[in-house]
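Participant: If it helps, the file is called my_file-v5.pdb and holds PDB, C-alpha atoms:
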```pdb
ATOM      1  CA  MET A 292       0.000   0.000   0.000  1.00  0.00           C
ATOM      2  CA  LYS A 293       1.198   3.503  -0.761  1.00  0.00           C
ATOM      3  CA  PHE A 294       1.085   6.473   1.587  1.00  0.00           C
ATOM      4  CA  LEU A 295       1.594  10.161   0.997  1.00  0.00           C
ATOM      5  CA  VAL A 296       3.655  11.648   3.818  1.00  0.00           C
ATOM      6  CA  ILE A 297       3.943  15.415   4.100  1.00  0.00           C
ATOM      7  CA  GLN A 298       6.427  16.499   6.719  1.00  0.00           C
ATOM      8  CA  LYS A 299       7.612  19.895   7.875  1.00  0.00           C
ATOM      9  CA  VAL A 300      10.189  20.945  10.444  1.00  0.00           C
ATOM     10  CA  LYS A 301       8.597  22.077  13.706  1.00  0.00           C
ATOM     11  CA  ARG A 302       9.058  25.711  14.645  1.00  0.00           C
ATOM     12  CA  GLY A 303      11.833  26.325  17.114  1.00  0.00           C
ATOM     13  CA  VAL A 304      14.111  23.441  16.139  1.00  0.00           C
ATOM     14  CA  PRO A 305      17.618  24.831  16.691  1.00  0.00           C
ATOM     15  CA  LEU A 306      19.549  25.246  13.449  1.00  0.00           C
ATOM     16  CA  GLU A 307      22.526  23.370  14.918  1.00  0.00           C
ATOM     17  CA  LYS A 308      20.367  20.322  15.681  1.00  0.00           C
ATOM     18  CA  TRP A 309      18.619  20.423  12.300  1.00  0.00           C
ATOM     19  CA  SER A 310      21.897  20.787  10.378  1.00  0.00           C
ATOM     20  CA  ARG A 311      23.332  17.791  12.278  1.00  0.00           C
ATOM     21  CA  LEU A 312      20.311  15.518  11.713  1.00  0.00           C
ATOM     22  CA  LEU A 313      19.448  16.430   8.118  1.00  0.00           C
ATOM     23  CA  PRO A 314      22.452  14.600   6.570  1.00  0.00           C
ATOM     24  CA  LEU A 315      21.481  11.535   8.634  1.00  0.00           C
ATOM     25  CA  GLN A 316      17.950  11.764   7.241  1.00  0.00           C
ATOM     26  CA  PHE A 317      19.311  11.945   3.684  1.00  0.00           C
ATOM     27  CA  LYS A 318      21.354   8.795   4.321  1.00  0.00           C
ATOM     28  CA  TYR A 319      18.288   7.068   5.832  1.00  0.00           C
ATOM     29  CA  PHE A 320      16.188   7.969   2.783  1.00  0.00           C
ATOM     30  CA  GLU A 321      18.888   6.703   0.387  1.00  0.00           C
ATOM     31  CA  LYS A 322      18.759   3.324   2.141  1.00  0.00           C
ATOM     32  CA  LEU A 323      14.956   3.215   1.911  1.00  0.00           C
ATOM     33  CA  GLU A 324      15.023   4.188  -1.767  1.00  0.00           C
ATOM     34  CA  ALA A 325      17.402   1.290  -2.466  1.00  0.00           C
ATOM     35  CA  GLU A 326      15.035  -1.071  -0.595  1.00  0.00           C
ATOM     36  CA  GLY A 327      12.005   0.210  -2.531  1.00  0.00           C
ATOM     37  CA  THR A 328      10.240   1.485   0.584  1.00  0.00           C
ATOM     38  CA  LEU A 329      10.660   5.145  -0.347  1.00  0.00           C
ATOM     39  CA  GLU A 330       9.310   5.572  -3.868  1.00  0.00           C
ATOM     40  CA  VAL A 331       9.367   9.357  -4.266  1.00  0.00           C
ATOM     41  CA  TYR A 332      10.879  12.264  -2.356  1.00  0.00           C
ATOM     42  CA  TYR A 333      10.315  15.927  -3.165  1.00  0.00           C
ATOM     43  CA  HIS A 334      11.465  18.937  -1.203  1.00  0.00           C
ATOM     44  CA  LEU A 335       8.708  21.507  -0.620  1.00  0.00           C
ATOM     45  CA  ILE A 336      10.350  24.731  -1.766  1.00  0.00           C
ATOM     46  CA  GLY A 337      10.195  27.455   0.863  1.00  0.00           C
ATOM     47  CA  GLN A 338       8.388  25.192   3.347  1.00  0.00           C
ATOM     48  CA  GLN A 339      11.245  23.511   5.236  1.00  0.00           C
ATOM     49  CA  GLY A 340       9.579  20.231   4.463  1.00  0.00           C
ATOM     50  CA  SER A 341       9.143  17.373   2.054  1.00  0.00           C
ATOM     51  CA  MET A 342       6.586  15.154   0.363  1.00  0.00           C
ATOM     52  CA  LEU A 343       7.168  11.412   0.234  1.00  0.00           C
ATOM     53  CA  ILE A 344       5.451   8.413  -1.324  1.00  0.00           C
ATOM     54  CA  VAL A 345       6.069   5.406   0.904  1.00  0.00           C
ATOM     55  CA  ASN A 346       5.401   1.732   0.118  1.00  0.00           C
ATOM     56  CA  ALA A 347       4.339  -0.101   3.271  1.00  0.00           C
ATOM     57  CA  ASP A 348       2.588  -3.487   3.420  1.00  0.00           C
ATOM     58  CA  SER A 349       1.484  -2.968   7.022  1.00  0.00           C
ATOM     59  CA  ASP A 350       0.966  -0.405   9.748  1.00  0.00           C
ATOM     60  CA  GLU A 351       4.063  -1.855  11.434  1.00  0.00           C
ATOM     61  CA  LYS A 352       6.227  -1.130   8.388  1.00  0.00           C
ATOM     62  CA  LEU A 353       4.846   2.413   8.080  1.00  0.00           C
ATOM     63  CA  SER A 354       5.403   3.009  11.797  1.00  0.00           C
ATOM     64  CA  LYS A 355       8.981   1.751  11.486  1.00  0.00           C
ATOM     65  CA  PHE A 356       9.608   4.030   8.484  1.00  0.00           C
ATOM     66  CA  ILE A 357       8.365   7.054  10.433  1.00  0.00           C
ATOM     67  CA  GLY A 358       9.854   6.123  13.806  1.00  0.00           C
ATOM     68  CA  GLN A 359      13.385   5.477  12.554  1.00  0.00           C
ATOM     69  CA  ASP A 360      13.664   8.831  10.761  1.00  0.00           C
ATOM     70  CA  PRO A 361      16.525  10.732  12.445  1.00  0.00           C
ATOM     71  CA  LEU A 362      14.265  13.823  12.483  1.00  0.00           C
ATOM     72  CA  PHE A 363      11.323  11.919  14.000  1.00  0.00           C
ATOM     73  CA  PHE A 364      10.912  14.208  17.024  1.00  0.00           C
ATOM     74  CA  ASP A 365      11.444  17.415  15.041  1.00  0.00           C
ATOM     75  CA  LEU A 366       8.911  17.008  12.231  1.00  0.00           C
ATOM     76  CA  GLU A 367       5.160  17.437  11.989  1.00  0.00           C
ATOM     77  CA  ARG A 368       3.588  14.922   9.604  1.00  0.00           C
ATOM     78  CA  GLU A 369       0.392  14.352   7.723  1.00  0.00           C
ATOM     79  CA  ILE A 370      -0.083  10.807   6.398  1.00  0.00           C
ATOM     80  CA  TYR A 371      -2.638   9.830   3.766  1.00  0.00           C
ATOM     81  CA  PRO A 372      -3.319   6.350   2.343  1.00  0.00           C
ATOM     82  CA  LEU A 373      -3.332   6.351  -1.463  1.00  0.00           C
ATOM     83  CA  THR A 374      -5.137   4.325  -4.092  1.00  0.00           C
ATOM     84  CA  THR A 375      -4.917   4.340  -7.865  1.00  0.00           C
ATOM     85  CA  ARG A 376      -7.438   6.105 -10.047  1.00  0.00           C
ATOM     86  CA  GLN A 377      -8.480   2.723 -11.460  1.00  0.00           C
ATOM     87  CA  THR A 378      -9.168   1.243  -8.031  1.00  0.00           C
ATOM     88  CA  HIS A 379     -11.084   4.347  -6.981  1.00  0.00           C
ATOM     89  CA  GLU A 380     -13.139   4.301 -10.195  1.00  0.00           C
ATOM     90  CA  ARG A 381     -13.955   0.589  -9.771  1.00  0.00           C
ATOM     91  CA  GLN A 382     -15.124   1.140  -6.198  1.00  0.00           C
ATOM     92  CA  ILE A 383     -17.306   4.104  -7.197  1.00  0.00           C
ATOM     93  CA  ARG A 384     -18.846   2.142 -10.087  1.00  0.00           C
ATOM     94  CA  GLU A 385     -19.626  -0.763  -7.725  1.00  0.00           C
ATOM     95  CA  LEU A 386     -21.131   1.638  -5.214  1.00  0.00           C
ATOM     96  CA  LEU A 387     -23.329   3.183  -7.909  1.00  0.00           C
ATOM     97  CA  GLY A 388     -24.281  -0.238  -9.323  1.00  0.00           C
ATOM     98  CA  GLN A 389     -22.467   0.326 -12.628  1.00  0.00           C
ATOM     99  CA  ARG A 390     -19.880  -1.803 -14.358  1.00  0.00           C
TER     100      ARG A 390
END
```
Kindly return the structure encoded in the file as structure tokens.

Facilitator:
Amino acid sequence: MKFLVIQKVKRGVPLEKWSRLLPLQFKYFEKLEAEGTLEVYYHLIGQQGSMLIVNADSDEKLSKFIGQDPLFFDLEREIYPLTTRQTHERQIRELLGQR
């Protein structure tokens, strides 16, 4: 299952702490990209944040992805489950009794 994760740095995080942890986060994301867990990463320009597409087969895997982020305690996150347009369309057609 895919999840959209939007994360932004919390206000008040000291620059020294952020600049120390950010390279660790980059390294963490590189590892997850190689594993196929992190599908897409985009920096949100001017927002001190990022947008990620994460592949997770379970809530445990998603929780591990989030919890092991070196910036875990310093980010605010919004997490949204995703589905394809085709799956969404099929479900709507079934709901409306169409095929």

Participant: Hey, could you pull the box centre and edge lengths for segment 350-355 of chain A, axis-aligned, 3 Å padding per side, all listed atoms, to one decimal in Å, as AutoDock Vina command-line options?

Facilitator:
```
--center_x 5.0 --center_y 0.6 --center_z 9.9 --size_x 14.0 --size_y 10.9 --size_z 9.7
```

Participant: With a distance cut-off of 12 Å and all atoms listed in the file, select the neighbouring residues of His334 of chain A, excluding the residue or stretch itself and same-chain residues fewer than 3 positions from it, and output the selection as a PyMOL selection string.

Facilitator: chain A and resi 296-300+317+331+337-343

Participant: To one decimal place in Å, what is the distance between atom CA of Ile344 of chain A and atom CA of Leu373 of chain A?

Facilitator: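 Atom CA of Ile344 of chain A sits 9.0 Å away from atom CA of Leu373 of chain A.
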
Participant: Mind giving me the straight-line distance from atom CA of Asp360 of chain A to atom CA of Thr375 of chain A in Å, one decimal?

Facilitator: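 These atoms are spaced 26.7 Å apart.
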
Participant: Ranking A:Thr378, A:Pro314, A:Leu366, A:Ser354 by minimum distance to Arg302 of chain A and counting only C-alpha atoms, which one comes first?

Facilitator: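 Checking each candidate against Arg302 of chain A, we get A:Leu366 as the closest.
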
Participant: Show which residues sit within 7 Å of segment 326-328 of chain A, as a list in words. Count only C-alpha atoms, and ignore same-chain residues fewer than 3 positions away.

Facilitator: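 Listed by chain and then number, they are Lys322, Leu323, Val345, Asn346 and Ala347 of chain A.
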
Participant: So which residues touch Ser349 of chain A within 12 Å, counting only C-alpha atoms, skipping near sequence neighbours fewer than 4 positions away, as a PyMOL selection string?

Facilitator: chain A and resi 292-294+328+345+353-356+372

Participant: Between A:Leu295, A:Ile336, A:Leu306, A:Gln359, which is the closest to Tyr371 of chain A once you count all atoms listed in the file?

Facilitator: A:Leu295

Participant: Given the choices A:Leu313, A:Ile383, A:Ala325, A:Leu335, which gets closest to Pro361 of chain A if the distance is worked out from only C-alpha atoms?

Facilitator: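 Among the listed residues, A:Leu313 lies closest to Pro361 of chain A.
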
Participant: What is the distance between atom CA of Leu312 of chain A and atom CA of Asp348 of chain A, in Å to one decimal?

Facilitator: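 Interatomic distance here is 27.3 Å.
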
Participant: Which is closest to Gly303 of chain A among A:Asp365, A:Gly358, A:Glu324, A:Glu330, if we use all atoms listed in the file?

Facilitator: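 Answer, going by the shortest atom-to-atom distance: A:Asp365.
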
Participant: Point out the residue among A:Tyr333, A:Lys308, A:Glu380, A:Gln389 with the least atom-to-atom distance to Phe320 of chain A, counting only C-alpha atoms.

Facilitator: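 Going through A:Tyr333, A:Lys308, A:Glu380, A:Gln389 one by one, the smallest distance to Phe320 of chain A is for A:Tyr333.
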
Participant: With only C-alpha atoms as the atoms that count, which of A:Ile357, A:Leu329, A:Gly388, A:Leu362 lies nearest to Ser310 of chain A?

Facilitator: A:Leu362

Participant: Will you model N, CA, C and O atoms for segment 346-360 of chain A and pass it back as a compact mmCIF listing (two decimals), in the coordinates of the input?

Facilitator:
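Once written, selection18.txt looks like this:
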```txt
# COMPACT_ATOMS: atom_id res chain seq x y z
N ASN A 346 6.01 3.05 0.31
CA ASN A 346 5.40 1.73 0.12
C ASN A 346 5.50 0.98 1.44
O ASN A 346 6.60 0.76 1.94
N ALA A 347 4.35 0.63 2.00
CA ALA A 347 4.34 -0.10 3.27
C ALA A 347 3.22 -1.14 3.22
O ALA A 347 2.07 -0.80 2.99
N ASP A 348 3.58 -2.41 3.47
CA ASP A 348 2.59 -3.49 3.42
C ASP A 348 1.75 -3.56 4.70
O ASP A 348 0.76 -4.26 4.72
N SER A 349 2.19 -2.86 5.75
CA SER A 349 1.48 -2.97 7.02
C SER A 349 1.66 -1.68 7.83
O SER A 349 2.54 -0.88 7.53
N ASP A 350 0.82 -1.56 8.85
CA ASP A 350 0.97 -0.40 9.75
C ASP A 350 2.30 -0.47 10.48
O ASP A 350 2.92 0.54 10.76
N GLU A 351 2.78 -1.69 10.75
CA GLU A 351 4.06 -1.86 11.43
C GLU A 351 5.22 -1.31 10.58
O GLU A 351 6.10 -0.61 11.09
N LYS A 352 5.18 -1.61 9.27
CA LYS A 352 6.23 -1.13 8.39
C LYS A 352 6.18 0.39 8.25
O LYS A 352 7.22 1.05 8.25
N LEU A 353 4.99 0.96 8.16
CA LEU A 353 4.85 2.41 8.08
C LEU A 353 5.34 3.05 9.38
O LEU A 353 6.07 4.05 9.35
N SER A 354 4.97 2.48 10.50
CA SER A 354 5.40 3.01 11.80
C SER A 354 6.93 2.96 11.93
O SER A 354 7.55 3.90 12.43
N LYS A 355 7.52 1.88 11.44
CA LYS A 355 8.98 1.75 11.49
C LYS A 355 9.64 2.80 10.60
O LYS A 355 10.62 3.44 11.00
N PHE A 356 9.09 3.01 9.40
CA PHE A 356 9.61 4.03 8.48
C PHE A 356 9.61 5.41 9.16
O PHE A 356 10.61 6.12 9.12
N ILE A 357 8.49 5.75 9.78
CA ILE A 357 8.36 7.05 10.43
C ILE A 357 9.24 7.13 11.69
O ILE A 357 9.96 8.10 11.89
N GLY A 358 9.17 6.11 12.52
CA GLY A 358 9.85 6.12 13.81
C GLY A 358 11.36 6.10 13.74
O GLY A 358 12.04 6.58 14.65
N GLN A 359 11.93 5.55 12.65
CA GLN A 359 13.38 5.48 12.55
C GLN A 359 14.00 6.67 11.83
O GLN A 359 15.22 6.75 11.69
N ASP A 360 13.17 7.60 11.40
CA ASP A 360 13.66 8.83 10.76
C ASP A 360 14.47 9.61 11.80
O ASP A 360 13.98 9.87 12.90
```
